[in-house]
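Step one of this worksheet: look at the structure below.
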Amino acid sequence: MTLIGLSFLRFFRRTPWTTLTAALGVSLGVASTVAVHLISLAVAGALSTVGLPHLQGVTHLAEREQASMDDYFALRRQWRNGKLPDVVRMTPIVEGYVVADGRRLHVFGTDWYAAPLRGMNSGLTSSGLTGSNVDYQPGAVVVDESVGLHAGDVLTVGANRWSVAASVSANLDGGVFADIGDALQLLDAPADRLSYVGVQVHDPFADLAALLEDLLPGLSAALPEQSSTLADWHLRSVAAEQPSVQFSKSVLFNLGALGSLALLVAWFLIYQICVMWLRRQRIVMERLVALGVGRDVLARYFYAAVAALGCVATVVGLAAGYYLAHFLTELSTAGFDSVPRIEMSVAVVLKAAFSGIAVALVGAWIAFRSRTHFFEAAVPGRSAVHWWLPVAVVLFAVGILVPQSGLAGGFMAILAASLVAAGLVAPLLRGVRQWVVRLPGSLLAKLAMREVTWFESDLGVAVGALVLAVATSLGVGLMIESFKADFERMLDQRLAHETFIDLAGQDGLVVAEALTRRFPDADVQAYGRLRARIEGTAVELGFTRFDAAESARYGHEHALAENEALVSESLTTALDVGVGDTLRIAGRELTIVHEFSGFGDVQPRLLVDNATAETLYGQLPFDRLSVAGVPSDALLAWFGERPGSSPRVQQRDAMRVIALEIFDRTFAITNALTLLALLVAVIGLYNAITALRLNQLATSDLLDALGVNRSEKRRVDLLRGLTIGLFAVLLALPLGLVMGAVLCQVINPRAFGWSIELQLSVPAMLWPLGLGIAAAVLAGLAPTPRERLGSG
Amino acid sequence: MSAAISLKGVSKGFLDGERYREVFVDFDLAVAPGEIVAVCGPSGSGKSTLLNLVAGLLVVDGGLLNLRHGGVDYPLHTLDEAARGAVRRRLVGYVFQFFNLIPTLNVLENVRFPLALNDRDDLLPQARERLATLGLADRLDAFPDQLSGGERQRVAIARALAHEPPIVLADEPTGNLDAGNSEQVADMLWSEVERLGCVLLVATHSEAIAERAHRVVELGR
């Protein structure tokens, strides 16, 4: 029986071009997946070094109105009595602000001394501690590196001094972490104060979730957040405490989904090639069945042969993916100081193997099941639209209309729409046949156009793949162009001042005063920000002098009055509020007067006038300035003469250029991945056209006999390619528009908290559509390899 | 009278696996205008090869192959592929045993095809008339897969004669048909060829077809 397997392998060898293109398509699909995964691992590795020390091991935060330590102990008693079986451990946490040396510190206190906190400490080393394990020492604190202190330094707050036990990369500006008793003292707070309770909830699927996160980096950010209760407490996932991590994971998931596109297109390709192979081998297999070989045996050896091809493609794809990851990383980070390090891992190898072999096997399996009706007349083109059409429509609707489906729901909707469009290609080709027959034109033109609709079984899948690739390119392109337009509008508003200065720890008010003394004509404005909570949600509170000009930077026409606030779109989404609603913060109510776009913000933002901020938090930290009326050279010279750390001085125009450059680089990987998918689609289309030509050799010979010359045949090839391209882009256009709309209005709000106004940019549409047509024409004009059709 | 088709000292061979096999060695044939010649012989004797050489689809390895029409010689042995194709398109009508029709064109379009290639749409009325004569007047819009085997061969004949070429080549034109259809198709082919005064070179295994020819050329292996 191994002879049968050998026969298939020899057949592959005798059709080298088809075999090569099949392997190349799968390799590119694997390479795309591998490259994105390697980049994701590098980014995830960088993210894992960023962590909040007081939340190590904590999975949820438990909150309630006016919580006190008594409430905590009541909860703890319930846990100790076995009434909260899912809770593994819990710890009280206090959070607050204190000003030291003009700098606002964000203080977190937890039960450092208690045994569970030692468990947390064990995670600190990996989360950026410069020292190793840090045990509790009375009067010690751990600080974020932004504070500028190191182990052994002293932190002075008022009359008290605290020794710094370690410095961590918590990505929390001014973060100070201490035992709860020390924190209360730092904050000068009453002993029964409690902000919330850190809880570790047992998750039976934690290992599975970790495995899935390994396979699909960023998946956790894509799944809907589970909100639940614990006794009388509201439980919230701890992920919201690290919005930058969630933000990055969302980016990774977006990239991962796009990286899988080439693999999906490769699946179309391998299916179509398997159909071609099976058709060519049909007579041989029928003879074998007549000799007594079972259909299942034939299937087994066919799958084994295709899997062998998948293995080869996987190895090539793995190597190509490694280099592609380097290339894409360099493309998107050229000129940056910190470049993620690309390293191969076992998980990547396993994923590549799974991707390549599974794609090959699934393609072979579907092809064998649907195309091997031995001893029956050729199965007429059956409708490719089956039961899954309504299912896909329902999935699309759920993904779009149900916000709880999360980022994954948005991508599910895109996948469902894509499969519907791809599945409709063959039926539509059959459906338009009667219209194509009526089209005017020369007989050669008619011949070319009709072949596309006549032989939809040869072309349908490949055209579907092209539709998918072009639509994705179009949808992503529209989203990027729309995003860029909104982003530029935002820059036009925000970059209203000539010069912006990041003071790198210096007191903004002191610097502003000195600056005004030195340059009396200068218009100086100080900005500050701090972390706050609204209904338990961590937000960034920004403050400055909000006159009408400053409000205009956010699209609001009036100066901000006391207790009025501007909020970012991500905040209105997170808290389900809108203009006119009120927000309760630090015991006061603020009225939302305007919502602004906060592209690039990693967490919800709330902006108030200085007067409002002072009533909320007292003394305010200002860390940035905007300056008008002073040449930047003079400013730099002035700062150079001052003692202390050097501030970062940026000009408006330069900032705009840099912002747009970063924007373009951000999407460089996206564009590269869509082009890769398009390349796989073109390979598939070329294969399909080759199959069509090989199946129509008799017609070709007939044209020769009729005296049709080479240039006329090329014209037929050209017109055929053009017809395929036009058909593909006609289908890709609505699908691409749907994708663009979903990306702008569903995916972006769910992933990043901002929506984008979809703008039908003509260049953004013409480029992928033109590329699709050009690709189809190119595939149509490429020479046909003369492969031997017989069996090995 | 000069021959419409003239082969002098023609040689032609093929690689058959590892072995080179000579089909024609110093082969001579002259076919006069209006002559109907049957080419007979066992399988592999070179019947189809001869027709393909005359059509310019194959090139002689040696010797001379000339077509003559309207006082002009067309030495195929000296012409390149494009020139041979141009000669074929104008001077030759070809009827095959199988796969005679372009599947995506209907009956009328298949017959119009050589007219369009030769810019001879002026012959369309005659082509339509011929289709009617061949009993296909009500099948003009039908596509090849909607026709019977006999109907397909009749369309193939109509197409081969549409541009009224001086030479018609027919490779086993009835080989795929039952006896009744065979007879009918042969009658129609002969009738139209004689009416137009073309040369007909017909490769056949059929004695009945051979007997209808003015002359029989027997090829041996």
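Labeling convention for the structure tokens: chains A, B, ... as they appear, residues from 1 per chain, ligands from 1 in order of appearance.
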
Give one line per residue of chain A that approaches chain B to at most 6 Å, naming the two atoms of the closest pair and their distance in Å to one decimal, counting only C-alpha atoms; sort by chain then ascending residue number and deliver it as a Markdown table.
```
| residue | atom | partner | partner_atom | distance |
| --- | --- | --- | --- | --- |
| A:Thr699 | CA | B:Ile102 | CA | 5.9 |
| A:Leu706 | CA | B:Arg89 | CA | 5.5 |
| A:Gly707 | CA | B:Arg89 | CA | 4.1 |
```

Within 12 Å of Leu219 in chain B, counting only C-alpha atoms, which residues qualify if same-chain residues fewer than 5 places away don't, as a ChimeraX atom specification?
/B:23-25,27-29,38-50,203-205
